[in-house]
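Here's the structure we're looking at; comments come further down.
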Amino acid sequence: MAVTKTFTMLKPDAVSKGYIGDILKQITGSGFRIVALKMTHMTENDAKAFYEVHKERPFYGELVEYMTSGPIVAAVLEKENAVDDFRTLIGATNPEEAAEGTIRKTYATSISENAIHGSDSDENATIESNFHFSGREQF
Ligand code: RTP
Ligand code: MG
């Protein structure tokens with residue numbers, strides 16, 4: 001299977017609760033290589049643009065508020081079958097429905113504050129990685 005990339009964010013709840021180290025350890029322990037990494041605080045315009053695909057959804061305003069409520073950790077990850085394997089590792093959007101051992105089952109508190117993001121396609125992984133990182137910040 002081809003080596004591909006995905007994009008992730010440790011969301012403000014995970015960062016403020018002190019889970020950065022534990023979550024990154026689980027990610028690298030699951031075979032993902034970190035090819036870009038930074039801590040950043042999204043502006044309202046950043047979050048609106050990043051989640052523009054959800055702008056008609058009822059939770060859009062709440063999502064933008066949450067994602068700008070504190071710093072996040074953004075990363076690009078590389079592995080065989082990265083997008084699908086990473087979504088398996090993080091678990092269902094709603095942590096109550098997430099499988100045991102997944103990152104959301106362990107660290108998320110609700111469907112809104114669900115600790116971590118994972119790209120849903122190779123195309124979006126590229127778009128999202130380039131949203132947060134310049135070419136020379138991705139290795
Ligand atoms: P993500 O994009 O963050 O990896 O999450 P996902 O694919 O599992 O879920 P998606 O449908 O793309 O939703 C994006 C984020 O919006 C928040 N959300 N809140 N209150 C709600 O019903 C609701 N639904 C979604 C979550 O933070 C979700 O991760
Ligand atoms: Mg999504």
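Convention: chains lettered A, B, ... in structure tokens order; per-chain residue numbering from 1; ligands numbered from 1 as shown.
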Exercise for the section: With a distance cut-off of 9 Å and only C-alpha atoms, select the neighbouring residues of range 104-120 of chain A, excluding the residue or stretch itself and same-chain residues fewer than 3 positions from it, and output the selection as number ranges by chain. Expected result: A: 6-15, 19, 23, 59, 62-63, 66, 83-84, 86-87, 89-101, 123-126, 128
Problem - Picked from chain A by DSSP as strand (DSSP E), as number ranges by chain - result: A: 3-10, 33-40, 72-80, 116-118
Exercise for the section: Any chance you could list, as a PyMOL selection string, the residues in range 16-128 of chain A that come up alpha helix (DSSP H) when DSSP is run on the backbone? Expected result: chain A and resi 16+20-29+44-50+60-67+82-90+103-107+122-128
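Each of A:Lys79, A:Lys17, A:His41, A:His54 was compared to ligand 2 using only C-alpha atoms and all ligand atoms, and A:His54 turns out to be the nearest.
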Exercise for the section: Counting only C-alpha atoms, figure out which residue out of A:Thr68, A:Thr102, A:Gly21, A:Phe131 gets nearest to Thr88 in chain A. Expected result: A:Thr102
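CA of Leu37 in chain A is positioned 10.3 Å from CA of Ser129 in chain A.
Distance annotation: of A:Arg57, A:His132, A:Lys25, A:Lys48, the residue with the minimal separation from Val76 in chain A is A:His132; atom set is only C-alpha atoms.
Ranking A:Glu65, A:Asp85, A:Glu52, A:Asp22 by their shortest atom-to-atom distance to ligand 2, with only C-alpha atoms and all ligand atoms included, puts A:Glu52 first.
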Problem - Spatial neighbours of Gln138 in chain A, 10 Å, only C-alpha atoms, chain gap at least 4 places, as a PyMOL selection string - result: chain A and resi 34-37+75-77+129-130+133-134
Write the residues you've just listed into a file as an mmCIF file, in the first residue's frame, and include C-alpha atoms for each of them.
data_model
loop_
_atom_site.group_PDB
_atom_site.id
_atom_site.type_symbol
_atom_site.label_atom_id
_atom_site.label_comp_id
_atom_site.auth_asym_id
_atom_site.auth_seq_id
_atom_site.Cartn_x
_atom_site.Cartn_y
_atom_site.Cartn_z
ATOM 1 C CA ILE A 34 5.619 13.390 12.005
ATOM 2 C CA VAL A 35 6.643 15.413 8.921
ATOM 3 C CA ALA A 36 5.449 18.844 10.195
ATOM 4 C CA LEU A 37 4.540 20.080 13.687
ATOM 5 C CA ALA A 75 0.796 18.269 12.378
ATOM 6 C CA VAL A 76 1.295 16.470 9.092
ATOM 7 C CA LEU A 77 1.709 12.704 9.403
ATOM 8 C CA SER A 129 -1.527 20.704 5.409
ATOM 9 C CA ASN A 130 -0.875 23.623 3.060
ATOM 10 C CA PHE A 133 2.376 24.830 6.799
ATOM 11 C CA SER A 134 4.531 26.277 4.042
#
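Of the residues listed (A:Val3, A:Val53, A:Ala74, A:Ala82), A:Val53 shows the shortest atom-to-atom separation from ligand 1; distances use only C-alpha atoms and all ligand atoms.
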Practice task
Using only C-alpha atoms, determine which residues lie at most 7 Å from Met39 in chain A, disregarding the query and same-chain residues fewer than 2 positions distant; provide the list as a list in words.
Solution key: Pro71, Ile72, Val73 and Ala74 of chain A
Only C-alpha atoms, please: the residues just picked out, written as a JSON list (two decimals), in the first residue's frame.
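Dumped everything to part_18.json:
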[["chain", "number", "residue", "atom", "x", "y", "z"],
["A", 71, "PRO", "CA", -3.93, 27.04, 21.12],
["A", 72, "ILE", "CA", -3.91, 23.89, 19.00],
["A", 73, "VAL", "CA", -1.14, 21.60, 17.81],
["A", 74, "ALA", "CA", -1.12, 21.10, 14.03]]
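Take CA of Phe32 in chain A and CA of Glu78 in chain A: the distance between them is 5.5 Å.
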Handout entry: Selection: 10 Å around Val64 in chain A, only C-alpha atoms, excl. self and same-chain fewer than 3 positions, as a PyMOL selection string
Key = chain A and resi 42-52+55+59-61+67-69
